[in-house]
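Comments concern the structure below.
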Amino acid sequence: MKTDCAIWANGELRYAGVNDHEIDLFEGQYAVPHGVSYNSYVILDEKTAVMDTVDGRFADAWLRNVEKALDGRKPDYLIVQHMEPDHSGSIMAFAEKYPGAVIVSTQKAFGMMNQFFGTDFADRRMVAAEGGKLPLGRHTLAFYTAPMVHWPEVMVTYEETEKTLFSADAFGKFGALDWAEDWTDEARRYYIGIVGKYGAPVQTLLKKAAGLDIQKICPLHGPVLKENLEKYLKLYSIWSSYQPEEKGAVIAYASFYGHTRAAAELLAEELQKAGFGPVVLRDVYRDDWAATVADAFRYSHLVVASPTYNGDMAPKMEAFLKALSARGYQNRVAAVMDNGTWAPMAGKAMKAALESCRNVTVVEPVVSIRSAMNDENKAQICALAAALIQA
Ligand SMILES: Cc1cc2nc3c(=O)[nH]c(=O)nc-3n(C[C@H](O)[C@H](O)[C@H](O)COP(=O)(O)O)c2cc1C
Ligand SMILES: [Fe+2]
Ligand SMILES: [Fe+2]
């Protein structure tokens, strides 16, 4: 998307965001091989409004985009929907360049501005309350709080004339806008990774959204959504209610010397032979952890396999299971395979971790390997495949 691209047919909404291809890890955690965009929009009406800023590393480029989009005019308002630094990092640069602009945000966000910047703009601010409206001329912005989607101060903004929802982090995805790819996989990895824990607040936001006639969604990351909005709303409904999207299995394994991996591969083969559905094999050490977490939320079944490591499961397996439970993982069928050369303990630990999640059923048998698979283990793995198919 070009920075001068008009989003509304009348040309009164313009994109002013930036693509970040320099970042190594988003939020210091998530691999983004195709970058990420920090979206910002400019509304030109009798009054002008800028919707959010961008990461501070891109302040100059963004201010140039804003200036170009404003077409010689000055901004009347800066709307701040979210205070996470990927969106708030250029607020101070904006405030200095445009001293006449009023900052519009929630009470909580102004508190955070004080913490981040040492000012809450007391002399030039407007506090947005739930349902509060800001007329710009032909367009009117209505503000709706969306606490914990993805921080407590978040609000979203609905423009009534063009029926456009500015959705803050919701409906965003990884991947810069100059990189073309399907929305779903990178939006899932983004949502489950970043917002996954907050299913209930997302459901509350979706209920508010259901009362609005939405024709376009302008998120803070990823493309503007203009068509088939039901598809995106449905996926958000599934993800935020912790239901699987489809029948299928993730087999997540750790293996120091390949023996546990061989067991994971055999189980994958057995499931595939039986026509179980998609089976995804993931190494918790080598594969992107956020993709494995997202796949665990995508599919109905999860198998974890780990060697025993100093009396416990492998550390990255523990981190993976913690990443699931921290995101409210629930409503799934699970199974466990372990390995141990003198005192196998990983199976017990993984089973306990899974059973601490709500409505996760661990099916039998728990396959326990002593160093390398023997014939009995192979038979157990066939029995486990059959049990998973039944469950
Ligand atoms: C550093 C390290 C620590 C281990 N700790 C244990 C242990 O505490 N108890 C045990 O039964 N096996 C232990 N093992 C053996 C593994 O659980 C496993 O049997 C072996 O690595 C073979 O499986 P793999 O090829 O999938 O790695 C350990 C192995 C390694 C490399
Ligand atoms: Fe955020
Ligand atoms: Fe964000």
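Residue names in the structure tokens use chain letters A, B, ... in the order shown, residue numbers from 1 in each chain, and ligand numbers from 1 in the order shown.
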Output the neighbourhood of ligand 2 as a compact mmCIF listing (two decimals) with N, CA and C atoms, in the first residue's frame, that is, all protein and nucleic acid residues with some atom at most 12 Å from the ligand, counting only C-alpha atoms and all ligand atoms.
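Below is the file pocket.txt, written as the result:
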```txt
# COMPACT_ATOMS: atom_id res chain seq x y z
N PHE A 26 9.67 -8.73 17.01
CA PHE A 26 8.58 -7.84 17.40
C PHE A 26 8.31 -8.04 18.89
N GLU A 27 8.13 -6.96 19.61
CA GLU A 27 7.97 -7.00 21.07
C GLU A 27 9.15 -7.70 21.73
N TYR A 38 3.47 -0.43 11.11
CA TYR A 38 2.82 0.36 12.15
C TYR A 38 1.91 1.31 11.39
N VAL A 54 3.60 5.98 15.30
CA VAL A 54 4.33 4.74 14.98
C VAL A 54 5.52 4.61 15.95
N ASP A 55 6.20 3.50 15.85
CA ASP A 55 7.41 3.26 16.62
C ASP A 55 8.38 4.45 16.46
N GLN A 81 -5.01 5.52 20.28
CA GLN A 81 -5.87 4.39 20.68
C GLN A 81 -5.15 3.41 21.60
N HIS A 82 -3.82 3.44 21.56
CA HIS A 82 -3.07 2.40 22.28
C HIS A 82 -1.70 2.98 22.61
N MET A 83 -1.25 2.72 23.83
CA MET A 83 0.00 3.33 24.30
C MET A 83 1.22 2.42 24.19
N GLU A 84 1.08 1.22 23.65
CA GLU A 84 2.28 0.39 23.49
C GLU A 84 3.24 1.15 22.55
N PRO A 85 4.53 1.11 22.86
CA PRO A 85 5.45 1.98 22.12
C PRO A 85 5.50 1.77 20.61
N ASP A 86 5.06 0.61 20.10
CA ASP A 86 5.04 0.46 18.63
C ASP A 86 4.05 1.44 17.99
N HIS A 87 3.14 2.00 18.79
CA HIS A 87 2.19 3.00 18.27
C HIS A 87 2.33 4.38 18.91
N SER A 88 2.88 4.42 20.10
CA SER A 88 2.92 5.70 20.82
C SER A 88 4.30 6.35 20.74
N ALA A 146 -11.70 -0.56 24.81
CA ALA A 146 -11.46 -1.98 24.54
C ALA A 146 -10.35 -2.46 25.47
N PRO A 147 -10.62 -2.40 26.81
CA PRO A 147 -9.55 -2.74 27.76
C PRO A 147 -9.03 -4.16 27.54
N MET A 148 -7.72 -4.31 27.59
CA MET A 148 -6.99 -5.57 27.43
C MET A 148 -7.03 -6.12 26.01
N VAL A 149 -7.39 -5.31 25.05
CA VAL A 149 -7.21 -5.67 23.64
C VAL A 149 -6.22 -4.64 23.04
N HIS A 150 -5.00 -4.48 23.52
CA HIS A 150 -4.30 -5.54 24.19
C HIS A 150 -3.69 -5.08 25.53
N TRP A 151 -3.87 -3.79 25.84
CA TRP A 151 -3.47 -3.19 27.12
C TRP A 151 -4.72 -2.56 27.74
N PRO A 152 -4.65 -2.15 29.00
CA PRO A 152 -5.89 -1.68 29.66
C PRO A 152 -6.42 -0.33 29.16
N GLU A 153 -5.57 0.46 28.50
CA GLU A 153 -5.98 1.81 28.10
C GLU A 153 -6.57 1.86 26.69
N VAL A 154 -6.65 0.71 26.03
CA VAL A 154 -6.97 0.69 24.59
C VAL A 154 -8.41 1.16 24.32
N MET A 155 -8.56 1.93 23.25
CA MET A 155 -9.90 2.20 22.72
C MET A 155 -9.87 1.94 21.22
N SER A 167 -9.48 -0.34 14.58
CA SER A 167 -9.62 -1.43 15.54
C SER A 167 -8.43 -1.60 16.48
N ALA A 168 -7.52 -0.63 16.52
CA ALA A 168 -6.31 -0.74 17.34
C ALA A 168 -5.56 -2.04 16.98
N ASP A 169 -5.05 -2.79 17.96
CA ASP A 169 -4.27 -3.99 17.63
C ASP A 169 -5.14 -5.12 17.07
N ALA A 170 -6.44 -5.09 17.35
CA ALA A 170 -7.32 -6.17 16.86
C ALA A 170 -7.31 -6.19 15.33
N PHE A 171 -7.38 -7.37 14.77
CA PHE A 171 -7.40 -7.61 13.32
C PHE A 171 -6.09 -7.23 12.63
N GLY A 172 -5.02 -7.13 13.43
CA GLY A 172 -3.71 -6.87 12.85
C GLY A 172 -3.02 -8.16 12.46
N LYS A 173 -1.92 -8.03 11.75
CA LYS A 173 -1.09 -9.20 11.43
C LYS A 173 0.38 -8.79 11.33
N TYR A 190 0.01 -13.70 15.18
CA TYR A 190 0.01 -12.41 15.88
C TYR A 190 -1.04 -12.41 17.01
N TYR A 191 -2.27 -12.79 16.68
CA TYR A 191 -3.35 -12.73 17.67
C TYR A 191 -3.07 -13.68 18.85
N GLY A 193 -0.32 -15.10 19.78
CA GLY A 193 0.88 -14.72 20.53
C GLY A 193 0.65 -13.53 21.43
N ILE A 194 0.02 -12.51 20.89
CA ILE A 194 0.01 -11.23 21.58
C ILE A 194 -1.25 -10.99 22.40
N VAL A 195 -2.39 -11.38 21.86
CA VAL A 195 -3.67 -11.07 22.52
C VAL A 195 -4.34 -12.34 23.07
N GLY A 196 -3.75 -13.51 22.76
CA GLY A 196 -4.41 -14.78 23.06
C GLY A 196 -4.95 -14.92 24.48
N PRO A 219 -6.81 -1.61 11.02
CA PRO A 219 -6.05 -2.01 12.21
C PRO A 219 -4.73 -1.25 12.32
N LEU A 220 -4.02 -1.47 13.41
CA LEU A 220 -2.73 -0.80 13.62
C LEU A 220 -1.55 -1.57 13.02
N HIS A 221 -1.80 -2.82 12.58
CA HIS A 221 -0.77 -3.59 11.86
C HIS A 221 -1.48 -4.30 10.70
```
- Task: Please provide as a list in words all residues within 12 Å of Thr184 (chain A), with the sequence filter that same-chain residues fewer than 5 positions apart are discarded (counting only C-alpha atoms).
- Result: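 The residues satisfying every condition are Phe171, Gly172, Lys173, Phe174, Gly175, Arg189, Tyr190, Tyr191, Ile192, Gly222, Pro223, Lys231, Tyr232, Leu233, Lys234, Leu235, Tyr236, Trp239, Glu245, Ala294, Asp295 and Arg298 of chain A.
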- Counting only C-alpha atoms and all ligand atoms, what residues are within 8 Å of ligand 1, given as a PyMOL selection string? chain A and resi 254-262+306-312+338-346+369-372
- Taking only C-alpha atoms into account, which of A:Val366, A:Ala95, A:Val80, A:Ala128 comes nearest Ala142 (chain A)?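 Distance minimum relative to Ala142 (chain A) lands on A:Ala128.
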Hey, what's within 7 Å of Ala264 (chain A) if we count only C-alpha atoms and toss same-chain stuff fewer than 5 positions away? As a CSV table (one decimal) with N, CA, C and O atoms, in the first residue's frame, please?
```csv
chain,number,residue,atom,x,y,z
A,251,ILE,N,2.1,-32.2,16.6
A,251,ILE,CA,3.0,-33.0,17.4
A,251,ILE,C,4.2,-32.2,17.6
A,251,ILE,O,5.0,-31.9,16.8
A,253,TYR,N,7.7,-31.7,19.6
A,253,TYR,CA,8.6,-32.6,20.3
A,253,TYR,C,10.0,-31.9,20.6
A,253,TYR,O,10.3,-30.9,19.9
A,305,ALA,N,6.0,-34.5,23.0
A,305,ALA,CA,6.9,-35.6,23.2
A,305,ALA,C,8.3,-35.0,23.6
A,305,ALA,O,8.8,-34.1,23.0
```
- Message: Need to verify the contact set: Asn10 (chain A), 12 Å, only C-alpha atoms, exclusion of same-chain residues closer than 6 positions in sequence. Can you return it as a ChimeraX atom specification?
- Response: /A:43-45,138-139,161-162
For all heavy atoms, I'd like the residues from the last selection saved as a PDB file, in the first residue's frame.
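Produced file again-v5.pdb, reproduced below:
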```
ATOM      1  N   ILE A  43      -7.340  11.673   8.581  1.00  0.00           N
ATOM      2  CA  ILE A  43      -8.685  12.003   8.106  1.00  0.00           C
ATOM      3  C   ILE A  43      -8.719  13.494   7.781  1.00  0.00           C
ATOM      4  O   ILE A  43      -8.355  14.335   8.615  1.00  0.00           O
ATOM      5  CB  ILE A  43      -9.759  11.690   9.170  1.00  0.00           C
ATOM      6  CG1 ILE A  43      -9.703  10.217   9.570  1.00  0.00           C
ATOM      7  CG2 ILE A  43     -11.155  12.054   8.637  1.00  0.00           C
ATOM      8  CD1 ILE A  43     -10.608   9.844  10.731  1.00  0.00           C
ATOM      9  N   LEU A  44      -9.135  13.804   6.539  1.00  0.00           N
ATOM     10  CA  LEU A  44      -9.224  15.201   6.094  1.00  0.00           C
ATOM     11  C   LEU A  44     -10.691  15.587   6.005  1.00  0.00           C
ATOM     12  O   LEU A  44     -11.426  15.054   5.167  1.00  0.00           O
ATOM     13  CB  LEU A  44      -8.583  15.359   4.706  1.00  0.00           C
ATOM     14  CG  LEU A  44      -7.093  15.046   4.598  1.00  0.00           C
ATOM     15  CD1 LEU A  44      -6.652  15.123   3.148  1.00  0.00           C
ATOM     16  CD2 LEU A  44      -6.279  16.017   5.446  1.00  0.00           C
ATOM     17  N   ASP A  45     -11.118  16.478   6.862  1.00  0.00           N
ATOM     18  CA  ASP A  45     -12.503  16.937   6.847  1.00  0.00           C
ATOM     19  C   ASP A  45     -12.449  18.414   7.208  1.00  0.00           C
ATOM     20  O   ASP A  45     -11.381  19.041   7.090  1.00  0.00           O
ATOM     21  CB  ASP A  45     -13.311  16.098   7.859  1.00  0.00           C
ATOM     22  CG  ASP A  45     -14.805  16.127   7.585  1.00  0.00           C
ATOM     23  OD1 ASP A  45     -15.298  17.143   7.057  1.00  0.00           O
ATOM     24  OD2 ASP A  45     -15.496  15.153   7.928  1.00  0.00           O
ATOM     25  N   ARG A 138     -18.117  16.264   7.957  1.00  0.00           N
ATOM     26  CA  ARG A 138     -18.965  15.228   7.359  1.00  0.00           C
ATOM     27  C   ARG A 138     -18.791  13.891   8.096  1.00  0.00           C
ATOM     28  O   ARG A 138     -19.591  12.974   7.938  1.00  0.00           O
ATOM     29  CB  ARG A 138     -18.617  15.036   5.880  1.00  0.00           C
ATOM     30  CG  ARG A 138     -18.977  16.224   5.015  1.00  0.00           C
ATOM     31  CD  ARG A 138     -18.406  16.111   3.619  1.00  0.00           C
ATOM     32  NE  ARG A 138     -16.944  16.044   3.585  1.00  0.00           N
ATOM     33  CZ  ARG A 138     -16.132  17.111   3.760  1.00  0.00           C
ATOM     34  NH1 ARG A 138     -16.639  18.308   3.993  1.00  0.00           N
ATOM     35  NH2 ARG A 138     -14.823  16.982   3.718  1.00  0.00           N
ATOM     36  N   HIS A 139     -17.739  13.775   8.834  1.00  0.00           N
ATOM     37  CA  HIS A 139     -17.445  12.527   9.551  1.00  0.00           C
ATOM     38  C   HIS A 139     -17.484  12.753  11.051  1.00  0.00           C
ATOM     39  O   HIS A 139     -17.142  13.840  11.526  1.00  0.00           O
ATOM     40  CB  HIS A 139     -16.058  12.003   9.163  1.00  0.00           C
ATOM     41  CG  HIS A 139     -15.919  11.743   7.701  1.00  0.00           C
ATOM     42  ND1 HIS A 139     -15.349  12.643   6.835  1.00  0.00           N
ATOM     43  CD2 HIS A 139     -16.315  10.691   6.946  1.00  0.00           C
ATOM     44  CE1 HIS A 139     -15.385  12.157   5.602  1.00  0.00           C
ATOM     45  NE2 HIS A 139     -15.965  10.969   5.652  1.00  0.00           N
ATOM     46  N   THR A 161     -19.948   7.830   9.188  1.00  0.00           N
ATOM     47  CA  THR A 161     -20.366   8.070   7.806  1.00  0.00           C
ATOM     48  C   THR A 161     -19.836   6.991   6.872  1.00  0.00           C
ATOM     49  O   THR A 161     -20.564   6.460   6.036  1.00  0.00           O
ATOM     50  CB  THR A 161     -19.868   9.461   7.345  1.00  0.00           C
ATOM     51  OG1 THR A 161     -20.327  10.419   8.286  1.00  0.00           O
ATOM     52  CG2 THR A 161     -20.393   9.806   5.959  1.00  0.00           C
ATOM     53  N   GLU A 162     -18.561   6.664   7.029  1.00  0.00           N
ATOM     54  CA  GLU A 162     -17.939   5.667   6.149  1.00  0.00           C
ATOM     55  C   GLU A 162     -18.005   4.269   6.758  1.00  0.00           C
ATOM     56  O   GLU A 162     -17.498   3.316   6.175  1.00  0.00           O
ATOM     57  CB  GLU A 162     -16.470   6.034   5.882  1.00  0.00           C
ATOM     58  CG  GLU A 162     -16.256   7.452   5.392  1.00  0.00           C
ATOM     59  CD  GLU A 162     -16.703   7.664   3.954  1.00  0.00           C
ATOM     60  OE1 GLU A 162     -16.877   6.674   3.226  1.00  0.00           O
ATOM     61  OE2 GLU A 162     -16.882   8.840   3.574  1.00  0.00           O
TER      62      GLU A 162
END
```
- Task: Would you list, as a PyMOL selection string, the residues of region 104-346 of chain A that end up in alpha helix (DSSP H) under DSSP run on this structure's backbone?
- Result: chain A and resi 107-117+183-190+199-210+229-240+259-273+289-298+315-326+346
- Go through A:Gly347, A:Gly17, A:Gly328, A:Gly111 one by one, measure the shortest atom-to-atom distance of each to Leu63 (chain A) using only C-alpha atoms, and give the residue with the smallest value.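 Checking each candidate against Leu63 (chain A), we get A:Gly17 as the closest.
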- Query: How many Å lie between CA of Leu266 (chain A) and CA of Val360 (chain A), rounded to one decimal?
  - Reply: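 Those two atoms sit 23.4 Å apart.
For the pair CA of Gln243 (chain A) and CA of Phe320 (chain A), the separation is 19.2 Å.
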- Item | Counting only C-alpha atoms and all ligand atoms, the option among A:Gly131, A:Pro315, A:Pro33, A:Gly89 closest to ligand 3 |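 For ligand 3, the nearest of the given residues is A:Gly89.
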- Message: So that I can check the surroundings of Thr140 (chain A), please list as a PyMOL selection string every protein, DNA and RNA residue that reaches within 9 Å of it, counting only C-alpha atoms and ignoring chain neighbours fewer than 4 positions away.
- Response: chain A and resi 133-136+158-161
- Message: At a cut-off of 10 Å, using only C-alpha atoms, what residues contact Gln215 (chain A)? Leave out same-chain residues fewer than 2 positions from it and give the result as a ChimeraX atom specification.
- Response: /A:162-165,212-213,217,225-229
Residues within 6 Å of Arg14 (chain A), only C-alpha atoms, excluding chain neighbours under 6 positions, as a CSV table (one decimal) with N, CA and C atoms, in the first residue's frame:
```csv
chain,number,residue,atom,x,y,z
A,5,CYS,N,-2.1,6.4,-0.4
A,5,CYS,CA,-3.3,5.7,-0.9
A,5,CYS,C,-4.6,6.2,-0.2
A,6,ALA,N,-5.6,6.4,-0.9
A,6,ALA,CA,-6.9,6.8,-0.4
A,6,ALA,C,-7.7,5.6,0.0
A,7,ILE,N,-8.2,5.5,1.2
A,7,ILE,CA,-8.9,4.4,1.7
A,7,ILE,C,-10.4,4.6,1.5
A,41,TYR,N,-3.3,6.7,10.2
A,41,TYR,CA,-4.2,7.2,9.2
A,41,TYR,C,-4.5,8.7,9.4
A,42,VAL,N,-4.8,9.4,8.3
A,42,VAL,CA,-5.1,10.8,8.4
A,42,VAL,C,-6.5,11.0,7.8
```
